[in-house]
Amino acid sequence: MIRPVADGRRAAIYARYSSTQQEDTSIEDQLRMTREHCERQGYELVEVYTDHAMTGRNKDRPGFLKLLADAEAGAFDTIVIEAVDRLSRNLTHTLEAWDLFKFQGIQLYSVTEGPQSFVTVLLQGYGAQMFSEMIGVHTKRGMQGALSRNRTDSSAYGYDIVEDAAPGGPNRRINPDEAVVIRRIFEDTAEGLSAVTIARALNAEGVSAPKGGTWDASTIRGHAARGHGILHNTLYLGRAVTCATTRHYHPKTGVKRTEATPLEKREQEIPGLRIISDELWERSRSQITRAAKRVAEKPGGANPEAARRNRYLLSRLMVCGCCGANYVKVSATSFRCNESRKHACENRVSISQKRIERRVFGRIRDAFRSAEMLEAFSAALETERRKIEASDPRRDIVRLQQRLGKAESARKAILDAIEDGAPFALYRARSEEVEAEIADLEQALHRLRAKAETAAAVIPDPAVLFESAIERMEQLLGDPDLVDQANQFLRQIIERIVLLPDALAEHGLSIKLETDFAALLAPELDSIAAAHLVC
């Protein structure tokens with residue numbers, strides 16, 4: 001029982017574990033640690049938020065979103081977590097949450113990492129994201145290596161998985177019945193039929209879609225730039241592709257975005273997997289190109305609205321050194337003292353947005369390169385290393401291999417029953433469930449093996465990684481889509497940017513940043529002098 005104390009501090013707990021990479025008991029362990037902390041501190045526990053089997057890269061988690069909503073409503077005064085990476089494995093999401101907590105006066109406390117400040121959240125959040133990205137790199141490397149041995153991770157319609165494939169042989173084989181449907185789709189497209197028309201015809205004839213149910217035009221049409229969809233899958237030409245795209249999540253909405261990754265893309269000719277001819281492929285491509293051109297020529301068919309920056313990165317930070325008024329935007333590119341526009345200040349020197357941001361970023365980089373910052377970052381990396389080593393992915397690999405073995409046995413039992421004369425219709429739904437389970441388990445094993453490789457690898461020089469972290473921070477702050485959020489972060493680092501006319505200074509202005517970096521590193525200290533950086 002959590003006992004409230006006299007100050008009435010209300011606490012909330014958040015816990016999360018990743019999909020298939022940890023046992024559900026991970027949540028129980030986190031809750032036990034955080035509850036014990038609340039009890040020791042005498043907090044009143046008002047709510048517990050959890051997300052089971054959900055990746056920290058995605059913001060769209062029910063428990064996490066409810067935590068943010070209740071924080072904005074002032075439902076609690078303290079949030080207790082096991083570690084910062086439980087909140088998110090995406091630096092932008094972590095900082096966005098921190099910004100909300102700070103605005104609401106909510107204390108963030110990590111049982112394993114202590115009380116959190118802007119800098120500790122920044123460093124721990126970057127460390128969590130970096131390790132998540134390293135695991136992704138190792139996973140892609142494994143997929144690229146497997147493709148060179150004629151092994152593909154594709155679950156494309158038209159193929160079956162080959163169990164115990166011979167060394168160097170493909171791990172997929174053509175499904176004759178589905179291959180007929182594939183050829184029909186390409187033939188109909190080459191004849192000028194639309195994806196909508198083709199899908200309707202297949203549904204009218206009761207042809208099962210790739211994942212069961214009915215056909216949708218988007219399954220056929222796909223996305224040309226990404227190589228997604230039946231009409232753009234080169235595997236039907238006997239050419240397997242992997243790592244052609246990567247997924248990102250919008251920092252505010254959590255909406256997934258898929259982007260092409262040409263430098264990581266790998267291709268491998270596997271002639272035994274060819275279903276259609278080059279001639280048929282080219283005829284279908286001609287029709288797809290014609291259809292796209294007709295859409296583009298329609299009124300309003302290709303008229304994207306240009307994005308505008310309606311706020312600026314250094315808004316409300318820049319002040320005139322002569323009169324103390326704000327520097328404001330006076331043209332499409334430049335800032336100037338607001339009072340000088342009224343002829344009430346003699347400071348008539350303006351500066352372009354690119355120049356002021358470049359000079360400010362330069363001073364921030366220099367300040368973050370301090371020995372204290374590097375030491376804090378190195379400690380954050382070591383914390384992440386210990387977490388990975390303690391998780392022992394080998395145990396989880398064995399567990400998933402056992403589950404995969406059971407799923408493969410279930411698949412074999414279904415195939416044996418069908419071969420003995422049982423109607424496939426009776427087993428169709430179960431067969432699709434088993435195939436989906438096998439695909440998920442194979443992907444999970446890819447990730448865990450990559451995690452094991454990451455744990456065994458030697459961490460690069462922290463100084464090199466820290467320099468990369470600084471560059472990433474600058475990219476975050478300079479992203480035009482995040483300008484409002486980035487401005488809020490900068491206001492936690494910079495108190496004021498004072499601009500004073502100086503004929504000898506660059507651009508005719510001396511620029512002084514009034515900052516408090518030391519306080520960010522040690523927020524519990526009562527009094528620390530602010531730093532003044534001249535740029």
# chains A, B, ... in the order shown; residues from 1 in each chain; ligands from 1
>>> residues_around(residues="region 168-175 of chain A", least_positions_apart="6", cutoff="10 Å", atoms="only C-alpha atoms", output="list in words")
Ala146, Leu147, Ser148, Arg149, Asn150, Arg151, Thr152, Asp153, Ser154, Ser155, Ala156, Tyr157, Gly158, Tyr159, Asp160, Ile161, Val162, Tyr236, Ile270, Pro271, Gly272, Leu273, Arg274 and Ile275 of chain A
>>> closest_residue(among="A:His343, A:Glu408, A:Ser110, A:Phe118", to="Ala97 (chain A)", atoms="only C-alpha atoms")
A:Phe118
>>> residues_around(residues="Thr55 (chain A)", least_positions_apart="4", cutoff="9 Å", atoms="only C-alpha atoms", output="compact mmCIF listing (two decimals) with N, CA and C atoms, in the first residue's frame")
# COMPACT_ATOMS: atom_id res chain seq x y z
N ARG A 16 7.24 -0.30 -19.82
CA ARG A 16 7.06 -0.80 -21.19
C ARG A 16 8.07 -1.90 -21.47
N TYR A 17 7.68 -2.86 -22.31
CA TYR A 17 8.67 -3.79 -22.84
C TYR A 17 8.42 -3.96 -24.33
N SER A 18 9.47 -4.36 -25.05
CA SER A 18 9.41 -4.39 -26.51
C SER A 18 8.80 -5.68 -27.02
N SER A 19 8.24 -5.60 -28.22
CA SER A 19 7.58 -6.75 -28.83
C SER A 19 8.53 -7.89 -29.06
N ASP A 51 2.69 -0.35 -21.38
CA ASP A 51 2.57 -0.74 -22.79
C ASP A 51 3.26 -2.09 -22.95
N LYS A 59 5.72 6.33 -31.25
CA LYS A 59 5.06 7.13 -30.23
C LYS A 59 3.63 6.68 -29.98
N ARG A 61 1.61 4.63 -28.68
CA ARG A 61 1.40 3.57 -27.69
C ARG A 61 0.31 4.04 -26.72
N SER A 88 10.88 6.07 -24.33
CA SER A 88 10.97 6.03 -25.79
C SER A 88 12.37 5.66 -26.21
N ARG A 89 12.46 5.10 -27.42
CA ARG A 89 13.75 4.85 -28.06
C ARG A 89 13.92 5.81 -29.23
>>> atom_distance(atom1="CA of Ile494 (chain A)", atom2="CA of Ala463 (chain A)")
24.1 Å
>>> residues_around(residues="Ile81 (chain A)", least_positions_apart="4", cutoff="12 Å", atoms="only C-alpha atoms", output="PyMOL selection string")
chain A and resi 11-16+27+29-38+48-50+64+67+85-88+107-116
